[in-house]
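Comments concern the structure below.
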Amino acid sequence: MIDTLYIESAVAEHPRITAIRRRFPAARVVNCERYGEVFNPKAQNFRLQKQKPALIMARKHQKFVLPAPAGYGIGGERNYYFSHMLNCLYDCRYCFLQGMYQSANYVLFVNYEDFQQQIRDICRETPEEAIYFFSGYDCDSLAFEPVTGFAEAFLPVFAELPNAWLELRTKSTQIRGLLNRPALPRCVVAFSLSPDSVANKVEAKAPSPVKRIEAAAKLQQQGWQIGLRFDPLIYQHDYQDQYRQLFSQVFSAIDADALHSVSLGVFRLPEHFFKKMHKLYPEERLFASPLQNASGMVSYKAELEQAMMNDCGEMLLQYIPRERFFPCHL
Ligand code: SF4
């Protein structure tokens, strides 16, 4: 599935890289000095590269953990994110990564221990305060787990930090590693879900919603805290029916009373990302929806956005208590 590996010379002998190379014995290996040489050049075509992304393995040197943007949270005051990986195995047409990066190649930062140290340091600064860490910001947290061993490496670290919460955000069904270990009480496995009709059109390569719901239900039965992320809400003329059906499907498999959190947010993108994505996929109907540009953000028209948030919010509140509901108003 990956036929080219770029490896930064400084980490060429890193044990994580050695293990990954073994998984792709036929891959062409190209050495480089800094991953940015391969990843950042402007004259790359994200759409074309997405058909066969290479895997770039590198060392991250600084800013391992960053404050999460305002509005990003599930009830905590202090929110951080970190990205051991850039880009994703899936190909959601609304994904902001296409607008943000020049390249669709995957970047994996193999020096996990540096991320972990910064997480520990942040937690120790305020041991009495709950601190939330989000891992699925620049990639899907679990989709590449068999290759990266990300959760396997980070969960034991979080298990030892009494004030640290971890959100693994995913559309993946790569949950075997989680099922094989005891549930971690402060880890939320948060599944992003859309109605089938939306997923079929704009969530290419991701497991179907029904498979994600099954994975969430399995984890929940084993004691894992589950989050549900209906974000982005995508407009279709019959969106109310679509989402009503989705919620009914979800809550027939998942115990609403045991859920950690449910969040909701509408489709929106910074204007410069939107323009780039539109140029990449001019034929994409998602970008021809009733959108508006306000203060540098492209989103649905305010009334439509409000209606979608209200309608879906009301439907969700028939299943879940208000204190677990986190509508996202960015
Ligand atoms: S799963 Fe998330 S990170 Fe991956 S392509 Fe879709 S929106 Fe982007």
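To be explicit about the labels: the chains of the structure tokens are called A, B, and onward in the order shown, and within each one the residues are counted from 1, while ligands get numbers from 1 in the order they are shown.
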
| task | Go through the chains and note each residue within 6 Å of ligand 1, using only C-alpha atoms and all ligand atoms, then give the set as a list in words. | result |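 The residues near ligand 1 are Cys88, Tyr90, Asp91, Cys92, Cys95, Cys139, Asp140 and Lys171 of chain A.
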
Could you give me, as an mmCIF file with C-alpha atoms, in the first residue's frame, the residues within 9 Å of range 147-159 of chain A, counting only C-alpha atoms and dropping anything in the same chain fewer than 2 positions from it?
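Result file follows (selection.cif):
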```cif
data_model
loop_
_atom_site.group_PDB
_atom_site.id
_atom_site.type_symbol
_atom_site.label_atom_id
_atom_site.label_comp_id
_atom_site.auth_asym_id
_atom_site.auth_seq_id
_atom_site.Cartn_x
_atom_site.Cartn_y
_atom_site.Cartn_z
ATOM 1 C CA ARG A 16 10.361 2.542 15.098
ATOM 2 C CA ALA A 19 10.061 -1.909 12.441
ATOM 3 C CA ILE A 20 8.078 0.053 9.852
ATOM 4 C CA ARG A 23 6.343 -3.966 7.081
ATOM 5 C CA HIS A 84 2.493 12.520 15.757
ATOM 6 C CA LEU A 108 5.199 10.300 10.794
ATOM 7 C CA VAL A 110 8.888 8.851 15.241
ATOM 8 C CA TYR A 112 7.129 9.789 20.407
ATOM 9 C CA GLU A 113 9.115 10.084 23.632
ATOM 10 C CA GLN A 116 5.270 12.211 25.824
ATOM 11 C CA ILE A 119 2.659 15.962 27.901
ATOM 12 C CA ARG A 120 4.074 14.930 31.283
ATOM 13 C CA SER A 141 -5.805 8.920 15.598
ATOM 14 C CA LEU A 142 -6.216 5.189 14.919
ATOM 15 C CA PHE A 144 -2.659 3.869 10.836
ATOM 16 C CA GLU A 145 -2.294 2.124 14.206
ATOM 17 C CA LEU A 161 -0.906 10.802 34.555
ATOM 18 C CA PRO A 162 -3.829 11.239 36.939
ATOM 19 C CA ASN A 163 -4.919 14.626 35.551
ATOM 20 C CA ALA A 164 -4.508 13.881 31.845
ATOM 21 C CA TRP A 165 -7.354 13.113 29.467
ATOM 22 C CA LEU A 166 -6.756 11.870 25.950
ATOM 23 C CA LEU A 168 -8.477 9.621 20.199
ATOM 24 C CA GLY A 177 -5.096 -2.898 20.342
ATOM 25 C CA LEU A 178 -7.621 -1.104 22.553
ATOM 26 C CA LEU A 184 -8.332 3.594 30.286
ATOM 27 C CA PRO A 185 -10.819 5.664 32.301
ATOM 28 C CA ARG A 186 -9.554 9.039 31.044
ATOM 29 C CA CYS A 187 -9.287 8.159 27.381
#
```

| Counting only C-alpha atoms, what is within 10 Å of range 230-232 of chain A, bar same-chain residues fewer than 4 positions away, as a ChimeraX atom specification? | /A:94-95,191-195,243,247,262-268,312,327-328

| query | What residues in range 66-278 of chain A get the DSSP label alpha helix (DSSP H)? Please answer as a PyMOL selection string. | reply | chain A and resi 97-100+112-125+145-148+150-159+176-179+196-202+209-221+239-253+271-278

Leaving out Glu129 in chain A and any residue of its chain fewer than 3 positions from it, which residues lie within 10 Å of it when counting only C-alpha atoms, given as a tab-separated table (two decimals) with N, CA, C and O atoms, in the first residue's frame?
```tsv
chain	number	residue	atom	x	y	z
A	76	GLY	N	-13.49	20.55	29.28
A	76	GLY	CA	-12.35	20.97	30.10
A	76	GLY	C	-11.95	22.41	29.80
A	76	GLY	O	-12.31	22.96	28.77
A	77	GLU	N	-11.22	22.99	30.74
A	77	GLU	CA	-10.76	24.37	30.57
A	77	GLU	C	-9.45	24.41	29.79
A	77	GLU	O	-9.19	25.34	29.05
A	78	ARG	N	-8.61	23.41	30.01
A	78	ARG	CA	-7.28	23.44	29.37
A	78	ARG	C	-7.19	22.34	28.32
A	78	ARG	O	-7.25	21.15	28.62
A	123	CYS	N	1.25	18.36	32.38
A	123	CYS	CA	0.39	17.82	33.44
A	123	CYS	C	0.95	18.13	34.82
A	123	CYS	O	0.20	18.39	35.76
A	124	ARG	N	2.26	18.10	34.93
A	124	ARG	CA	2.86	18.31	36.25
A	124	ARG	C	2.84	19.77	36.67
A	124	ARG	O	2.94	20.08	37.85
A	125	GLU	N	2.66	20.67	35.71
A	125	GLU	CA	2.58	22.10	36.08
A	125	GLU	C	1.37	22.37	36.95
A	125	GLU	O	1.41	23.19	37.85
A	126	THR	N	0.25	21.71	36.66
A	126	THR	CA	-0.98	21.94	37.42
A	126	THR	C	-1.63	20.58	37.73
A	126	THR	O	-2.62	20.20	37.12
A	132	TYR	N	-6.83	18.28	28.94
A	132	TYR	CA	-7.31	17.47	27.82
A	132	TYR	C	-6.34	17.57	26.65
A	132	TYR	O	-5.95	18.67	26.24
A	162	PRO	N	-2.47	11.23	36.38
A	162	PRO	CA	-3.83	11.24	36.94
A	162	PRO	C	-4.69	12.42	36.49
A	162	PRO	O	-5.91	12.38	36.63
A	163	ASN	N	-4.08	13.49	35.98
A	163	ASN	CA	-4.92	14.63	35.55
A	163	ASN	C	-5.00	14.77	34.02
A	163	ASN	O	-5.48	15.78	33.52
A	164	ALA	N	-4.51	13.76	33.30
A	164	ALA	CA	-4.51	13.88	31.84
A	164	ALA	C	-5.65	13.11	31.21
A	164	ALA	O	-5.89	11.94	31.54
```

| message | From the options A:Met277, A:Leu269, A:Ile74, A:Ala216, which residue's atoms come nearest to Phe134 in chain A, counting only C-alpha atoms? | response | A:Ile74

| Could you name the residues that touch range 295-303 of chain A at 12 Å or less, counting only C-alpha atoms, but leaving out those on the same chain fewer than 6 positions away, as a ChimeraX atom specification? | /A:94,96,232-236,265-275,277-278,286-289,309-311,329-330

Since we have the selection now, will you write its residues out, keeping C-alpha atoms, as a JSON list (two decimals), in the first residue's frame?
```json
[["chain", "number", "residue", "atom", "x", "y", "z"],
["A", 94, "TYR", "CA", -14.24, 18.37, 3.41],
["A", 96, "PHE", "CA", -9.02, 20.87, 5.93],
["A", 232, "PRO", "CA", -18.97, 18.53, 10.13],
["A", 233, "LEU", "CA", -22.72, 18.48, 9.61],
["A", 234, "ILE", "CA", -23.19, 18.42, 5.86],
["A", 235, "TYR", "CA", -26.22, 19.98, 4.25],
["A", 236, "GLN", "CA", -28.51, 17.94, 2.05],
["A", 265, "GLY", "CA", -20.36, 21.33, 14.35],
["A", 266, "VAL", "CA", -21.21, 22.53, 10.86],
["A", 267, "PHE", "CA", -19.00, 22.48, 7.79],
["A", 268, "ARG", "CA", -16.70, 25.51, 7.75],
["A", 269, "LEU", "CA", -13.25, 26.27, 6.50],
["A", 270, "PRO", "CA", -10.86, 29.20, 6.40],
["A", 271, "GLU", "CA", -11.27, 30.91, 3.04],
["A", 272, "HIS", "CA", -7.75, 30.22, 1.76],
["A", 273, "PHE", "CA", -8.16, 26.49, 2.50],
["A", 274, "PHE", "CA", -11.54, 26.48, 0.81],
["A", 275, "LYS", "CA", -10.17, 28.13, -2.34],
["A", 277, "MET", "CA", -9.67, 22.68, -2.09],
["A", 278, "HIS", "CA", -12.15, 24.02, -4.62],
["A", 286, "LEU", "CA", -19.98, 19.90, -1.67],
["A", 287, "PHE", "CA", -18.26, 23.14, -2.63],
["A", 288, "ALA", "CA", -21.26, 24.29, -4.62],
["A", 289, "SER", "CA", -23.64, 24.08, -1.63],
["A", 309, "MET", "CA", -27.37, 23.13, 14.56],
["A", 310, "ASN", "CA", -30.78, 23.61, 16.21],
["A", 311, "ASP", "CA", -32.49, 20.74, 14.43],
["A", 329, "HIS", "CA", -19.79, 27.42, 17.66],
["A", 330, "LEU", "CA", -16.48, 28.55, 16.19]]
```

| message | Nearest residue to Leu304 in chain A out of A:Leu291, A:Leu246, A:Met100, A:Ala204, using only C-alpha atoms? | response | A:Leu291

| request: Check range 8-144 of chain A with DSSP on the backbone and list each residue it calls strand (DSSP E), as JSON, numbers by chain. | output: {"A": [8, 28, 29, 30, 31, 32, 55, 56, 57, 58, 65, 66, 67, 78, 79, 80, 81, 82, 85, 86, 91, 92, 106, 107, 108, 109, 131, 132, 133, 134]}

| remark: For Leu259 in chain A, the closest of A:Pro282, A:Pro182, A:Pro321, A:Pro207 counting only C-alpha atoms is A:Pro321

| request: Go through A:Gln118, A:Thr18, A:Gln51, A:Thr173 one by one, measure the shortest atom-to-atom distance of each to Asp3 in chain A using only C-alpha atoms, and give the residue with the smallest value. | output: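 Among the listed residues, the smallest separation from Asp3 in chain A belongs to A:Gln51.
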
| field | d(CA of Tyr319 in chain A, CA of Phe251 in chain A) in Å | value | 7.4 Å

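Closest approach to Glu167 in chain A from the set A:Lys211, A:Arg229, A:His61, A:Arg285 is made by A:Arg229, with distances taken over only C-alpha atoms.
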